[in-house]
Structure formats: C-alpha cells, structure tokens
$ cat entry_35.csv   # CSV, C-alpha atoms
chain,number,residue,atom,x,y,z
T,25,LEU,CA,-9.8,185.7,22.5
T,26,THR,CA,-12.8,185.0,20.4
T,27,MET,CA,-13.4,186.5,17.0
T,28,ASN,CA,-17.0,187.2,15.9
T,29,ALA,CA,-16.0,188.9,12.7
T,30,HIS,CA,-18.8,189.1,10.1
T,31,VAL,CA,-17.9,186.8,7.2
T,32,PRO,CA,-19.3,188.2,3.9
T,33,ILE,CA,-21.3,185.7,1.9
T,34,THR,CA,-21.2,185.4,-1.8
T,35,PRO,CA,-24.1,186.4,-4.0
T,36,THR,CA,-24.8,182.7,-4.7
T,37,GLU,CA,-24.8,181.9,-1.0
T,38,GLU,CA,-27.3,184.7,-0.5
T,39,LEU,CA,-29.6,183.3,-3.3
T,40,ILE,CA,-29.5,179.9,-1.5
T,41,GLN,CA,-30.1,181.4,2.0
T,42,THR,CA,-33.1,183.4,0.7
T,43,GLY,CA,-34.6,180.4,-1.1
T,44,VAL,CA,-34.2,181.9,-4.6
T,45,ILE,CA,-32.3,178.8,-5.7
T,46,PRO,CA,-32.2,175.4,-4.0
T,47,ASP,CA,-29.4,174.4,-1.7
T,48,PRO,CA,-27.1,172.0,-3.6
T,49,ARG,CA,-26.8,169.8,-0.6
T,50,ASP,CA,-30.6,169.0,-0.7
T,51,ARG,CA,-32.0,166.1,-2.6
T,52,MET,CA,-32.8,167.1,-6.2
T,53,THR,CA,-36.5,167.0,-6.7
T,54,ALA,CA,-38.6,168.0,-9.8
T,55,ALA,CA,-39.5,171.2,-8.1
T,56,ARG,CA,-35.9,172.0,-7.3
T,57,LYS,CA,-34.9,171.2,-10.9
T,58,ALA,CA,-37.6,173.6,-12.2
T,59,SER,CA,-36.4,176.3,-9.8
T,60,ILE,CA,-32.9,176.0,-11.2
T,61,LEU,CA,-34.1,176.1,-14.8
T,62,GLY,CA,-36.3,179.2,-13.9
T,63,ALA,CA,-33.4,180.9,-12.2
T,64,ILE,CA,-31.2,180.3,-15.3
T,65,ALA,CA,-34.0,181.5,-17.7
T,66,ASN,CA,-34.6,184.7,-15.8
T,67,GLY,CA,-30.9,185.5,-15.4
T,68,THR,CA,-30.6,185.0,-11.7
T,69,ILE,CA,-27.8,182.5,-12.1
T,70,ARG,CA,-25.7,181.7,-15.2
T,71,SER,CA,-25.9,178.1,-16.5
T,72,ALA,CA,-22.1,177.8,-16.1
T,73,ASP,CA,-22.4,178.7,-12.4
T,74,ALA,CA,-25.3,176.2,-12.0
T,75,LEU,CA,-23.2,173.4,-13.5
T,76,ILE,CA,-20.5,174.0,-11.0
T,77,LEU,CA,-22.8,174.6,-8.0
T,78,TYR,CA,-24.9,171.5,-8.6
T,79,THR,CA,-22.0,169.4,-9.9
T,80,MET,CA,-23.7,168.4,-13.1
T,81,SER,CA,-22.8,168.1,-16.8
T,82,GLU,CA,-24.1,170.3,-19.6
T,83,ASP,CA,-25.8,167.2,-20.9
T,84,GLU,CA,-27.7,166.7,-17.7
T,85,LEU,CA,-28.9,170.3,-17.6
T,86,GLY,CA,-29.8,170.2,-21.2
T,87,SER,CA,-31.8,167.0,-20.6
T,88,TRP,CA,-33.7,168.8,-17.8
T,89,ALA,CA,-34.5,171.7,-20.1
T,90,GLU,CA,-35.7,169.4,-22.9
T,91,GLN,CA,-37.9,167.3,-20.5
T,92,TYR,CA,-39.4,170.4,-19.0
T,93,LYS,CA,-40.0,171.9,-22.4
T,94,HIS,CA,-41.8,168.8,-23.7
T,95,HIS,CA,-43.4,167.4,-20.6
T,96,GLY,CA,-43.6,170.2,-18.0
T,97,HIS,CA,-42.9,169.6,-14.3
T,98,LYS,CA,-43.7,165.9,-14.5
T,99,GLY,CA,-40.9,165.5,-17.0
T,100,LEU,CA,-38.4,166.4,-14.3
T,101,LYS,CA,-39.5,163.7,-12.0
T,102,ALA,CA,-37.0,160.8,-11.5
T,103,THR,CA,-39.8,158.3,-12.1
T,104,PHE,CA,-40.9,159.9,-15.4
T,105,ARG,CA,-40.6,157.7,-18.4
T,106,HIS,CA,-41.5,159.2,-21.7
T,107,ARG,CA,-43.8,156.9,-23.7
T,108,PRO,CA,-43.9,157.6,-27.4
T,109,VAL,CA,-47.3,158.0,-28.9
T,110,SER,CA,-48.3,154.9,-30.8
T,111,THR,CA,-48.6,155.3,-34.6
T,112,ALA,CA,-50.3,151.9,-35.1
T,113,ASP,CA,-53.4,152.0,-37.3
$ encode --input "entry_35.csv" --output "structure tokens"
Amino acid sequence: LTMNAHVPITPTEELIQTGVIPDPRDRMTAARKASILGAIANGTIRSADALILYTMSEDELGSWAEQYKHHGHKGLKATFRHRPVSTAD
C-alpha cells in the first residue's frame, strides 16, 4: 500500500519554492541577504521569522540592514570592508 497524500506546505515553504525568499540551505550571498531584507521591509516575512528560518541573531540581521543602508548591495558582501574617510589635512 502506497500513500500519495498531498502534504500541505507552509506559507514560508511556498515563499521559498516560488523564489520570493532564498532557501535557507543555500549559501548566503549579498543578493540573498538583500532579498531577505527586502522581504522583511515589504512585509512578506516578519523579522522574527527570518531570524529563525535563517538561524541568525538580531545583531547579525541588524548589521546587514546597517551595511545595506550605508553602503548598498556591496556592503552585504562577505569581502566588504568599510574604510573610514580620512580626515587628515
């Protein structure tokens, strides 16, 4: 006896399957970080849910948001290093 019952998916799983938010099993790139921040900003996913789904801390998410705010997409790259502007005369 085989069972081919339809297993309902959660709204979050649907968002992942349709590409609205990145799959948490994929490597986290700057584009995926930006996608998560955008989904939070437009109300697609709550930040509390994103913290759980992507197993990250509030500090990490906050850091992404700050880096994006101040440096755009490049600020989310793992290789990005902020260099303060020199104030030397």
$ atom_distance --input "entry_35.csv" --atom1 "CA of Asp47 in chain T" --atom2 "CA of Ser87 in chain T"
20.4 Å
$ closest_residue --input "entry_35.csv" --among "T:Val44, T:Ala58, T:Thr68, T:Thr53" --to "His95 in chain T" --atoms "all atoms listed in the file"
T:Ala58
$ closest_residue --input "entry_35.csv" --among "T:Tyr78, T:Ala72, T:Gly96, T:Phe104" --to "Asp50 in chain T" --atoms "only C-alpha atoms"
T:Tyr78
$ closest_residue --input "entry_35.csv" --among "T:Ile69, T:Ile64, T:Ala102, T:Ala89" --to "Arg51 in chain T" --atoms "all atoms listed in the file"
T:Ala102
$ atom_distance --input "entry_35.csv" --atom1 "CA of Ile60 in chain T" --atom2 "CA of Ile45 in chain T"
6.2 Å
$ atom_distance --input "entry_35.csv" --atom1 "CA of Leu77 in chain T" --atom2 "CA of Thr36 in chain T"
9.0 Å
$ closest_residue --input "entry_35.csv" --among "T:Glu38, T:Ala54, T:Thr79, T:Asp73" --to "Gly99 in chain T" --atoms "all atoms listed in the file"
T:Ala54
$ closest_residue --input "entry_35.csv" --among "T:Ser71, T:Gly43, T:Asp83, T:Thr103" --to "Arg56 in chain T" --atoms "all atoms listed in the file"
T:Gly43
$ closest_residue --input "entry_35.csv" --among "T:Gln41, T:Ala74, T:Pro48, T:Met80" --to "Gly62 in chain T" --atoms "all atoms listed in the file"
T:Ala74
$ build_atoms --input "entry_35.csv" --residues "range 56-82 of chain T" --atoms "N, CA, C and O atoms" --output "PDB file, keeping the file's coordinate frame"
ATOM      1  N   ARG T  56     -37.157 171.387  -7.429  1.00  0.00           N
ATOM      2  CA  ARG T  56     -35.900 172.000  -7.300  1.00  0.00           C
ATOM      3  C   ARG T  56     -35.224 172.182  -8.731  1.00  0.00           C
ATOM      4  O   ARG T  56     -34.604 173.198  -9.049  1.00  0.00           O
ATOM      5  N   LYS T  57     -35.372 171.153  -9.556  1.00  0.00           N
ATOM      6  CA  LYS T  57     -34.900 171.200 -10.900  1.00  0.00           C
ATOM      7  C   LYS T  57     -35.554 172.382 -11.665  1.00  0.00           C
ATOM      8  O   LYS T  57     -34.895 173.174 -12.354  1.00  0.00           O
ATOM      9  N   ALA T  58     -36.879 172.485 -11.529  1.00  0.00           N
ATOM     10  CA  ALA T  58     -37.600 173.600 -12.200  1.00  0.00           C
ATOM     11  C   ALA T  58     -37.178 174.921 -11.662  1.00  0.00           C
ATOM     12  O   ALA T  58     -37.076 175.875 -12.441  1.00  0.00           O
ATOM     13  N   SER T  59     -36.902 175.012 -10.380  1.00  0.00           N
ATOM     14  CA  SER T  59     -36.400 176.300  -9.800  1.00  0.00           C
ATOM     15  C   SER T  59     -35.086 176.676 -10.398  1.00  0.00           C
ATOM     16  O   SER T  59     -34.873 177.854 -10.703  1.00  0.00           O
ATOM     17  N   ILE T  60     -34.201 175.720 -10.580  1.00  0.00           N
ATOM     18  CA  ILE T  60     -32.900 176.000 -11.200  1.00  0.00           C
ATOM     19  C   ILE T  60     -33.068 176.452 -12.623  1.00  0.00           C
ATOM     20  O   ILE T  60     -32.475 177.447 -13.058  1.00  0.00           O
ATOM     21  N   LEU T  61     -33.898 175.738 -13.383  1.00  0.00           N
ATOM     22  CA  LEU T  61     -34.100 176.100 -14.800  1.00  0.00           C
ATOM     23  C   LEU T  61     -34.746 177.526 -14.854  1.00  0.00           C
ATOM     24  O   LEU T  61     -34.357 178.323 -15.712  1.00  0.00           O
ATOM     25  N   GLY T  62     -35.661 177.836 -13.952  1.00  0.00           N
ATOM     26  CA  GLY T  62     -36.300 179.200 -13.900  1.00  0.00           C
ATOM     27  C   GLY T  62     -35.252 180.257 -13.593  1.00  0.00           C
ATOM     28  O   GLY T  62     -35.259 181.326 -14.200  1.00  0.00           O
ATOM     29  N   ALA T  63     -34.380 179.955 -12.640  1.00  0.00           N
ATOM     30  CA  ALA T  63     -33.400 180.900 -12.200  1.00  0.00           C
ATOM     31  C   ALA T  63     -32.379 181.195 -13.390  1.00  0.00           C
ATOM     32  O   ALA T  63     -31.930 182.326 -13.586  1.00  0.00           O
ATOM     33  N   ILE T  64     -32.093 180.160 -14.161  1.00  0.00           N
ATOM     34  CA  ILE T  64     -31.200 180.300 -15.300  1.00  0.00           C
ATOM     35  C   ILE T  64     -31.962 181.147 -16.396  1.00  0.00           C
ATOM     36  O   ILE T  64     -31.411 182.095 -16.965  1.00  0.00           O
ATOM     37  N   ALA T  65     -33.220 180.800 -16.643  1.00  0.00           N
ATOM     38  CA  ALA T  65     -34.000 181.500 -17.700  1.00  0.00           C
ATOM     39  C   ALA T  65     -34.196 182.962 -17.396  1.00  0.00           C
ATOM     40  O   ALA T  65     -34.172 183.775 -18.315  1.00  0.00           O
ATOM     41  N   ASN T  66     -34.366 183.319 -16.118  1.00  0.00           N
ATOM     42  CA  ASN T  66     -34.600 184.700 -15.800  1.00  0.00           C
ATOM     43  C   ASN T  66     -33.309 185.489 -15.470  1.00  0.00           C
ATOM     44  O   ASN T  66     -33.354 186.643 -15.076  1.00  0.00           O
ATOM     45  N   GLY T  67     -32.163 184.824 -15.608  1.00  0.00           N
ATOM     46  CA  GLY T  67     -30.900 185.500 -15.400  1.00  0.00           C
ATOM     47  C   GLY T  67     -30.399 185.624 -13.988  1.00  0.00           C
ATOM     48  O   GLY T  67     -29.423 186.317 -13.725  1.00  0.00           O
ATOM     49  N   THR T  68     -31.071 184.945 -13.061  1.00  0.00           N
ATOM     50  CA  THR T  68     -30.600 185.000 -11.700  1.00  0.00           C
ATOM     51  C   THR T  68     -29.300 184.317 -11.470  1.00  0.00           C
ATOM     52  O   THR T  68     -28.473 184.760 -10.681  1.00  0.00           O
ATOM     53  N   ILE T  69     -29.083 183.222 -12.194  1.00  0.00           N
ATOM     54  CA  ILE T  69     -27.800 182.500 -12.100  1.00  0.00           C
ATOM     55  C   ILE T  69     -27.454 182.055 -13.545  1.00  0.00           C
ATOM     56  O   ILE T  69     -28.324 181.752 -14.353  1.00  0.00           O
ATOM     57  N   ARG T  70     -26.178 182.097 -13.843  1.00  0.00           N
ATOM     58  CA  ARG T  70     -25.700 181.700 -15.200  1.00  0.00           C
ATOM     59  C   ARG T  70     -25.680 180.139 -15.215  1.00  0.00           C
ATOM     60  O   ARG T  70     -25.423 179.484 -14.197  1.00  0.00           O
ATOM     61  N   SER T  71     -25.926 179.573 -16.388  1.00  0.00           N
ATOM     62  CA  SER T  71     -25.900 178.100 -16.500  1.00  0.00           C
ATOM     63  C   SER T  71     -24.530 177.555 -16.139  1.00  0.00           C
ATOM     64  O   SER T  71     -24.441 176.509 -15.489  1.00  0.00           O
ATOM     65  N   ALA T  72     -23.461 178.253 -16.488  1.00  0.00           N
ATOM     66  CA  ALA T  72     -22.100 177.800 -16.100  1.00  0.00           C
ATOM     67  C   ALA T  72     -21.936 177.707 -14.623  1.00  0.00           C
ATOM     68  O   ALA T  72     -21.320 176.773 -14.106  1.00  0.00           O
ATOM     69  N   ASP T  73     -22.497 178.667 -13.909  1.00  0.00           N
ATOM     70  CA  ASP T  73     -22.400 178.700 -12.400  1.00  0.00           C
ATOM     71  C   ASP T  73     -23.274 177.530 -11.863  1.00  0.00           C
ATOM     72  O   ASP T  73     -22.890 176.893 -10.890  1.00  0.00           O
ATOM     73  N   ALA T  74     -24.438 177.302 -12.464  1.00  0.00           N
ATOM     74  CA  ALA T  74     -25.300 176.200 -12.000  1.00  0.00           C
ATOM     75  C   ALA T  74     -24.639 174.857 -12.182  1.00  0.00           C
ATOM     76  O   ALA T  74     -24.742 173.993 -11.309  1.00  0.00           O
ATOM     77  N   LEU T  75     -23.924 174.678 -13.290  1.00  0.00           N
ATOM     78  CA  LEU T  75     -23.200 173.400 -13.500  1.00  0.00           C
ATOM     79  C   LEU T  75     -22.219 173.130 -12.419  1.00  0.00           C
ATOM     80  O   LEU T  75     -22.118 172.006 -11.926  1.00  0.00           O
ATOM     81  N   ILE T  76     -21.504 174.155 -12.015  1.00  0.00           N
ATOM     82  CA  ILE T  76     -20.500 174.000 -11.000  1.00  0.00           C
ATOM     83  C   ILE T  76     -21.174 173.813  -9.597  1.00  0.00           C
ATOM     84  O   ILE T  76     -20.836 172.898  -8.860  1.00  0.00           O
ATOM     85  N   LEU T  77     -22.139 174.671  -9.294  1.00  0.00           N
ATOM     86  CA  LEU T  77     -22.800 174.600  -8.000  1.00  0.00           C
ATOM     87  C   LEU T  77     -23.493 173.301  -7.745  1.00  0.00           C
ATOM     88  O   LEU T  77     -23.407 172.743  -6.657  1.00  0.00           O
ATOM     89  N   TYR T  78     -24.156 172.781  -8.760  1.00  0.00           N
ATOM     90  CA  TYR T  78     -24.900 171.500  -8.600  1.00  0.00           C
ATOM     91  C   TYR T  78     -24.174 170.308  -9.127  1.00  0.00           C
ATOM     92  O   TYR T  78     -24.756 169.244  -9.237  1.00  0.00           O
ATOM     93  N   THR T  79     -22.900 170.485  -9.435  1.00  0.00           N
ATOM     94  CA  THR T  79     -22.000 169.400  -9.900  1.00  0.00           C
ATOM     95  C   THR T  79     -22.729 168.515 -10.950  1.00  0.00           C
ATOM     96  O   THR T  79     -22.943 167.332 -10.727  1.00  0.00           O
ATOM     97  N   MET T  80     -23.094 169.128 -12.059  1.00  0.00           N
ATOM     98  CA  MET T  80     -23.700 168.400 -13.100  1.00  0.00           C
ATOM     99  C   MET T  80     -23.120 168.749 -14.465  1.00  0.00           C
ATOM    100  O   MET T  80     -22.424 169.757 -14.581  1.00  0.00           O
ATOM    101  N   SER T  81     -23.381 167.919 -15.442  1.00  0.00           N
ATOM    102  CA  SER T  81     -22.800 168.100 -16.800  1.00  0.00           C
ATOM    103  C   SER T  81     -23.792 169.017 -17.602  1.00  0.00           C
ATOM    104  O   SER T  81     -24.971 169.164 -17.267  1.00  0.00           O
ATOM    105  N   GLU T  82     -23.271 169.559 -18.680  1.00  0.00           N
ATOM    106  CA  GLU T  82     -24.100 170.300 -19.600  1.00  0.00           C
ATOM    107  C   GLU T  82     -25.201 169.418 -20.171  1.00  0.00           C
ATOM    108  O   GLU T  82     -26.327 169.869 -20.381  1.00  0.00           O
TER     109      GLU T  82
END
